[in-house]
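Beneath this line is the structure, given in structure tokens, with notes to follow.
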Amino acid sequence: MLTIAIVCGAGIATSALIAEQVRDHLAARGREAHVVQATVMDLLSADFRADLVISTVDLPDALGIPQVSGMPLLLGTNPQVTYDDIDRLLARIDAAGTGSGDRR
């Protein structure tokens, strides 16, 4: 199963709000994924694994995990932009057959 990490500064309130929106979006698409809340420090841990990161903070590309901005979901400015990015990246992961939730 795919793992999607929702990352904000503290990994508490903001990520909980975005995680719920992402879960709703995935359910509406008939997709299953493990959606977890995380902090930037979690991402830096050698044990952390995710297929996709949705973040409200800038993250280095060197993480090696596809990233989507969660700011449109947080601000409510244009959430469809984030949903479209999520769908596009999940389709790419599906096509590559790499969605294992166990890679960095």
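To be explicit about the labels: the chains of the structure tokens are called A, B, and onward in the order shown, and within each one the residues are counted from 1, while ligands get numbers from 1 in the order they are shown.
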Exercise. Do you know which residues are at most 8 Å from Arg23 (chain A) counting only C-alpha atoms, after dropping those on the same chain fewer than 4 positions away, and could you put them as a PyMOL selection string?
Worked result: chain A and resi 19+27+35
Take the selection from the previous step and output its residues with all heavy atoms, as a PDB file, in the first residue's frame.
```
ATOM      1  N   ALA A  19      -4.246  16.073   6.181  1.00  0.00           N
ATOM      2  CA  ALA A  19      -4.393  14.614   6.082  1.00  0.00           C
ATOM      3  C   ALA A  19      -5.842  14.225   5.850  1.00  0.00           C
ATOM      4  O   ALA A  19      -6.137  13.354   5.028  1.00  0.00           O
ATOM      5  CB  ALA A  19      -3.843  13.935   7.335  1.00  0.00           C
ATOM      6  N   ALA A  27     -10.348   8.705  -1.126  1.00  0.00           N
ATOM      7  CA  ALA A  27     -11.561   7.889  -1.031  1.00  0.00           C
ATOM      8  C   ALA A  27     -12.502   8.183  -2.198  1.00  0.00           C
ATOM      9  O   ALA A  27     -13.108   7.266  -2.766  1.00  0.00           O
ATOM     10  CB  ALA A  27     -12.260   8.136   0.304  1.00  0.00           C
ATOM     11  N   VAL A  35      -2.079   7.286   4.996  1.00  0.00           N
ATOM     12  CA  VAL A  35      -1.769   8.710   5.129  1.00  0.00           C
ATOM     13  C   VAL A  35      -1.300   8.947   6.558  1.00  0.00           C
ATOM     14  O   VAL A  35      -2.043   8.695   7.507  1.00  0.00           O
ATOM     15  CB  VAL A  35      -2.994   9.593   4.791  1.00  0.00           C
ATOM     16  CG1 VAL A  35      -2.656  11.066   4.951  1.00  0.00           C
ATOM     17  CG2 VAL A  35      -3.490   9.305   3.374  1.00  0.00           C
TER      18      VAL A  35
END
```
Exercise. Do you know which residues are at most 12 Å from Leu74 (chain A) counting only C-alpha atoms, after dropping those on the same chain fewer than 6 positions away, and could you put them as a VMD selection string?
Worked result: chain A and resid 6 to 8 13 to 22 54 to 57 80 82
Exercise. From the list A:Asp87, A:Gln37, A:Leu73, A:Gly9, which residue is nearest Leu59 (chain A) when using only C-alpha atoms?
Worked result: A:Gly9
For this session: Please report, as an MDAnalysis selection string, each residue of chain A to which DSSP assigns strand (DSSP E or B) when run on this structure's backbone.
Result: chainID A and resid 2:7 33:38 52:55 67:69
Residues just named, written with all heavy atoms as a compact mmCIF listing (two decimals), in the first residue's frame:
```txt
# COMPACT_ATOMS: atom_id res chain seq x y z
N LEU A 2 0.48 2.24 -0.72
CA LEU A 2 1.21 3.50 -0.77
C LEU A 2 1.18 4.20 0.58
O LEU A 2 0.17 4.14 1.30
CB LEU A 2 0.59 4.44 -1.79
CG LEU A 2 0.69 4.05 -3.25
CD1 LEU A 2 -0.12 5.02 -4.10
CD2 LEU A 2 2.13 4.04 -3.70
N THR A 3 2.26 4.88 0.89
CA THR A 3 2.32 5.71 2.09
C THR A 3 2.49 7.15 1.66
O THR A 3 3.41 7.47 0.91
CB THR A 3 3.49 5.29 3.01
OG1 THR A 3 3.28 3.94 3.42
CG2 THR A 3 3.58 6.19 4.22
N ILE A 4 1.59 8.01 2.13
CA ILE A 4 1.64 9.44 1.86
C ILE A 4 1.88 10.14 3.18
O ILE A 4 1.09 10.00 4.12
CB ILE A 4 0.35 9.94 1.20
CG1 ILE A 4 0.12 9.22 -0.13
CG2 ILE A 4 0.40 11.46 1.01
CD1 ILE A 4 -1.21 9.54 -0.79
N ALA A 5 2.97 10.90 3.27
CA ALA A 5 3.30 11.63 4.49
C ALA A 5 2.85 13.08 4.34
O ALA A 5 3.14 13.72 3.34
CB ALA A 5 4.79 11.57 4.75
N ILE A 6 2.13 13.56 5.34
CA ILE A 6 1.72 14.96 5.40
C ILE A 6 2.67 15.64 6.38
O ILE A 6 2.72 15.27 7.55
CB ILE A 6 0.26 15.11 5.88
CG1 ILE A 6 -0.68 14.17 5.13
CG2 ILE A 6 -0.16 16.57 5.78
CD1 ILE A 6 -0.76 14.38 3.64
N VAL A 7 3.43 16.63 5.89
CA VAL A 7 4.47 17.23 6.69
C VAL A 7 4.21 18.71 6.90
O VAL A 7 3.95 19.45 5.95
CB VAL A 7 5.85 17.05 6.01
CG1 VAL A 7 6.94 17.75 6.80
CG2 VAL A 7 6.16 15.57 5.85
N ALA A 33 -4.54 4.38 0.50
CA ALA A 33 -3.18 4.76 0.86
C ALA A 33 -3.12 4.95 2.37
O ALA A 33 -4.13 5.27 3.00
CB ALA A 33 -2.76 6.04 0.15
N HIS A 34 -1.96 4.73 2.88
CA HIS A 34 -1.71 4.97 4.30
C HIS A 34 -1.26 6.42 4.41
O HIS A 34 -0.17 6.77 3.92
CB HIS A 34 -0.64 4.00 4.80
CG HIS A 34 -0.36 4.08 6.25
ND1 HIS A 34 -1.33 3.89 7.21
CD2 HIS A 34 0.79 4.32 6.92
CE1 HIS A 34 -0.78 4.02 8.40
NE2 HIS A 34 0.50 4.29 8.25
N VAL A 35 -2.08 7.29 5.00
CA VAL A 35 -1.77 8.71 5.13
C VAL A 35 -1.30 8.95 6.56
O VAL A 35 -2.04 8.70 7.51
CB VAL A 35 -2.99 9.59 4.79
CG1 VAL A 35 -2.66 11.07 4.95
CG2 VAL A 35 -3.49 9.31 3.37
N VAL A 36 -0.06 9.42 6.68
CA VAL A 36 0.53 9.63 8.00
C VAL A 36 0.95 11.08 8.17
O VAL A 36 1.29 11.75 7.21
CB VAL A 36 1.75 8.70 8.23
CG1 VAL A 36 1.35 7.24 8.17
CG2 VAL A 36 2.86 9.00 7.24
N GLN A 37 0.92 11.54 9.39
CA GLN A 37 1.40 12.88 9.73
C GLN A 37 2.86 12.76 10.16
O GLN A 37 3.24 11.80 10.83
CB GLN A 37 0.57 13.47 10.86
CG GLN A 37 -0.86 13.74 10.47
CD GLN A 37 -1.72 14.07 11.67
OE1 GLN A 37 -2.74 13.46 11.86
NE2 GLN A 37 -1.30 15.04 12.47
N ALA A 38 3.66 13.74 9.75
CA ALA A 38 5.09 13.68 10.06
C ALA A 38 5.65 15.09 10.20
O ALA A 38 5.03 16.07 9.79
CB ALA A 38 5.83 12.92 8.96
N LEU A 52 5.16 9.43 -1.20
CA LEU A 52 4.80 10.79 -1.59
C LEU A 52 4.75 11.65 -0.33
O LEU A 52 4.29 11.18 0.72
CB LEU A 52 3.44 10.80 -2.29
CG LEU A 52 2.81 12.12 -2.67
CD1 LEU A 52 3.65 12.87 -3.70
CD2 LEU A 52 1.41 11.90 -3.23
N VAL A 53 5.20 12.89 -0.43
CA VAL A 53 5.14 13.83 0.68
C VAL A 53 4.32 15.03 0.25
O VAL A 53 4.54 15.58 -0.82
CB VAL A 53 6.55 14.30 1.11
CG1 VAL A 53 6.46 15.41 2.13
CG2 VAL A 53 7.36 13.14 1.65
N ILE A 54 3.37 15.41 1.09
CA ILE A 54 2.60 16.64 0.90
C ILE A 54 2.99 17.54 2.07
O ILE A 54 2.82 17.17 3.23
CB ILE A 54 1.09 16.35 0.90
CG1 ILE A 54 0.75 15.37 -0.22
CG2 ILE A 54 0.30 17.66 0.76
CD1 ILE A 54 -0.65 14.82 -0.16
N SER A 55 3.57 18.70 1.73
CA SER A 55 4.19 19.51 2.77
C SER A 55 3.76 20.97 2.71
O SER A 55 3.49 21.51 1.65
CB SER A 55 5.71 19.43 2.61
OG SER A 55 6.35 20.22 3.59
N GLN A 67 7.32 15.27 -4.04
CA GLN A 67 6.72 16.22 -3.11
C GLN A 67 5.64 17.05 -3.79
O GLN A 67 5.75 17.39 -4.96
CB GLN A 67 7.79 17.17 -2.59
CG GLN A 67 8.92 16.49 -1.87
CD GLN A 67 10.03 17.45 -1.52
OE1 GLN A 67 9.78 18.62 -1.23
NE2 GLN A 67 11.24 16.98 -1.55
N VAL A 68 4.62 17.38 -3.01
CA VAL A 68 3.52 18.23 -3.45
C VAL A 68 3.32 19.30 -2.38
O VAL A 68 3.40 19.01 -1.18
CB VAL A 68 2.21 17.41 -3.60
CG1 VAL A 68 1.03 18.29 -3.87
CG2 VAL A 68 2.36 16.35 -4.67
N SER A 69 3.03 20.51 -2.80
CA SER A 69 2.74 21.57 -1.84
C SER A 69 1.34 21.38 -1.25
O SER A 69 0.36 21.23 -2.00
CB SER A 69 2.83 22.94 -2.51
OG SER A 69 2.39 23.94 -1.59
```
For this session: Assign secondary structure with DSSP using the backbone only, and return the residues of region 31-62 of chain A in alpha helix (DSSP H) as a PyMOL selection string.
Result: chain A and resi 40-44
For this session: Have a look at CA of Asp51 (chain A) and CA of Pro66 (chain A) and let me know their distance in Å, one decimal.
Result: 7.0 Å
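Nearest to Glu32 (chain A) of all the residues A:Asp85, A:Gly76, A:Met1, A:Leu90 is A:Met1, counting only C-alpha atoms.
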